[in-house]
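Participant: Sending over a structure as structure tokens; questions will come in a sec.
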Amino acid sequence: MSLEENKAIVRKLTEAFNKRNLDALDELMASDYVDHTNQLRGRENVKQFYTMAFKDFPDLYKTIEDIIAGGDKVWVRYKNMATDPTGRKIELASVNIFRIVNGKVVEGWGGVIQKMSVPKVTGSYTKNCFGNSRNNCYLVRESILRLEGR
């Protein structure tokens with residue numbers, strides 16, 4: 001796939017996220033996708049994770065600020081906007097790296113790089129089991145981040 005085709009896949013992935021179209025992940029993401037940041041394996045576990053995030057942050061929206069491709073990877077700088085459960089607006093900058101093979105996203109990494117407009121929020125943690133073959137449980141934040149002035 002060309003670099004432009006790889007960037008187009010990430011743009012479609014972002015659009016699907018913003019429209020809450022998780023069925024589109026079947027076309028865009030490999031069934032054995034690995035999310036290294038959230039320690040998730042498998043597209044279905046990613047869908048469950050996004051569903052929980054959308055419940056906590058129904059207006060969560062990502063805007064692509066920069067997108068760069070090289071080899072089989074695409075780097076994206078996002079502006080993330082949401083309203084936290086208390087009604088306060090949150091704006092964060094993040095960078096994600098996606099690896100694409102044969103037209104599908106197979107791996108991803110990411111993290112917040114800048115808190116642009118974030119009120120002090122203490123999020124609680126919920127333990128969730130996604131039932132993978134090793135029955136690992138992962139801590140998933142009810143809030144995007146636990147922010148205590150850091």
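If you're wondering about the labels, chains in the structure tokens are A, B, ... by order shown, residues count from 1 in each chain, ligands from 1 in order shown.
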Kindly assemble as a tab-separated table a list of the range 38-85 of chain A residues that lie within 10 Å of range 11-17 of chain A, each paired with its nearest atom pair and their distance in Å to one decimal, using only C-alpha atoms, sorted first by chain and then by ascending residue number.

Facilitator:
```
residue	atom	partner	partner_atom	distance
A:Lys47	CA	A:Phe17	CA	10.0
A:Tyr50	CA	A:Phe17	CA	8.2
A:Phe54	CA	A:Phe17	CA	9.5
A:Leu60	CA	A:Phe17	CA	9.1
A:Tyr61	CA	A:Phe17	CA	7.9
A:Lys62	CA	A:Thr14	CA	7.0
A:Thr63	CA	A:Thr14	CA	8.1
A:Ile64	CA	A:Arg11	CA	8.0
A:Ile67	CA	A:Arg11	CA	9.0
A:Val76	CA	A:Arg11	CA	9.4
A:Tyr78	CA	A:Thr14	CA	9.6
```

Participant: Can you pull out every residue from range 21-106 of chain A that DSSP, working from the backbone, puts in strand (DSSP E), and format the result as number ranges by chain?

Facilitator: A: 29-35, 40-41, 61-70, 73-83, 89-101, 104-106

Participant: Would you compute the distance between CA of Asn6 in chain A and CA of Gln39 in chain A? Give it in Å to one decimal.

Facilitator: 23.2 Å

Participant: For range 30-38 of chain A, find every residue with an atom within 10 Å (counting only C-alpha atoms), except residues of its own chain fewer than 3 positions away, and show them as a list of chain:residue names.

Facilitator: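 The filter keeps A:Leu25, A:Asp26, A:Glu27, A:Arg41, A:Gly42, A:Arg43, A:Glu44, A:Asn45, A:Val46, A:Phe49, A:Asn96, A:Phe98, A:Arg99, A:Ile100, A:Val101, A:Asn102, A:Gly103, A:Lys104, A:Val105, A:Val106, A:Glu107, A:Gly108, A:Trp109, A:Gly110, A:Gly111, A:Tyr138, A:Leu139, A:Val140.
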
Participant: Next, dump the selected residues to file, keeping only C-alpha atoms, as a PDB file, in the first residue's frame.

Facilitator:
```pdb
ATOM      1  CA  LEU A  25     -13.558  -1.355  12.285  1.00  0.00           C
ATOM      2  CA  ASP A  26     -14.245  -4.732  10.668  1.00  0.00           C
ATOM      3  CA  GLU A  27     -13.045  -3.266   7.362  1.00  0.00           C
ATOM      4  CA  ARG A  41      -5.746  -7.729  21.898  1.00  0.00           C
ATOM      5  CA  GLY A  42      -8.345  -8.257  19.229  1.00  0.00           C
ATOM      6  CA  ARG A  43     -10.698  -5.968  17.350  1.00  0.00           C
ATOM      7  CA  GLU A  44     -13.710  -7.024  19.449  1.00  0.00           C
ATOM      8  CA  ASN A  45     -11.950  -5.967  22.666  1.00  0.00           C
ATOM      9  CA  VAL A  46     -11.175  -2.596  21.080  1.00  0.00           C
ATOM     10  CA  PHE A  49     -13.230  -0.405  25.054  1.00  0.00           C
ATOM     11  CA  ASN A  96      -0.946   7.848  17.917  1.00  0.00           C
ATOM     12  CA  PHE A  98      -0.632   2.907  13.653  1.00  0.00           C
ATOM     13  CA  ARG A  99       1.029   0.045  11.772  1.00  0.00           C
ATOM     14  CA  ILE A 100      -0.787  -1.019   8.628  1.00  0.00           C
ATOM     15  CA  VAL A 101      -0.392  -4.319   6.774  1.00  0.00           C
ATOM     16  CA  ASN A 102      -2.383  -5.280   3.663  1.00  0.00           C
ATOM     17  CA  GLY A 103      -4.808  -2.395   4.102  1.00  0.00           C
ATOM     18  CA  LYS A 104      -5.647  -3.030   7.769  1.00  0.00           C
ATOM     19  CA  VAL A 105      -4.432  -1.491  10.998  1.00  0.00           C
ATOM     20  CA  VAL A 106      -2.642  -4.271  12.901  1.00  0.00           C
ATOM     21  CA  GLU A 107      -1.015  -2.392  15.820  1.00  0.00           C
ATOM     22  CA  GLY A 108      -1.366   0.908  17.602  1.00  0.00           C
ATOM     23  CA  TRP A 109       0.431   2.997  20.218  1.00  0.00           C
ATOM     24  CA  GLY A 110      -0.505   6.369  21.629  1.00  0.00           C
ATOM     25  CA  GLY A 111      -0.566   8.841  24.430  1.00  0.00           C
ATOM     26  CA  TYR A 138      -7.152  -4.648  32.396  1.00  0.00           C
ATOM     27  CA  LEU A 139      -7.684  -1.459  34.328  1.00  0.00           C
ATOM     28  CA  VAL A 140      -9.778   0.883  32.236  1.00  0.00           C
TER      29      VAL A 140
END
```

Participant: Between A:Leu40, A:Leu3, A:Ile9, A:Ile90, which one has atoms that come closest to Leu28 in chain A, using only C-alpha atoms?

Facilitator: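 So, comparing all the options, the nearest one is A:Ile9.
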
Participant: Of the candidates A:Glu5, A:Asp23, A:Asp56, A:Glu91, which one gets nearest to Ile68 in chain A if we count only C-alpha atoms?

Facilitator: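 Of A:Glu5, A:Asp23, A:Asp56, A:Glu91, the one nearest Ile68 in chain A, counting only C-alpha atoms, is A:Glu5.
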
Participant: Tell me which of A:Lys79, A:Lys55, A:Lys7, A:Lys73 sits closest to Val95 in chain A, counting only C-alpha atoms.

Facilitator: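 The answer is A:Lys79, which sits nearest to Val95 in chain A.
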
Participant: With distances taken over only C-alpha atoms, which residue among A:Ala24, A:Gln48, A:Asn18, A:Ile97 lies nearest Asn80 in chain A?

Facilitator: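 Going through A:Ala24, A:Gln48, A:Asn18, A:Ile97 one by one, the smallest distance to Asn80 in chain A is for A:Asn18.
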
Participant: With distances taken over only C-alpha atoms, which residue among A:Arg20, A:Leu92, A:Ile113, A:Trp75 lies nearest Met52 in chain A?

Facilitator: A:Arg20
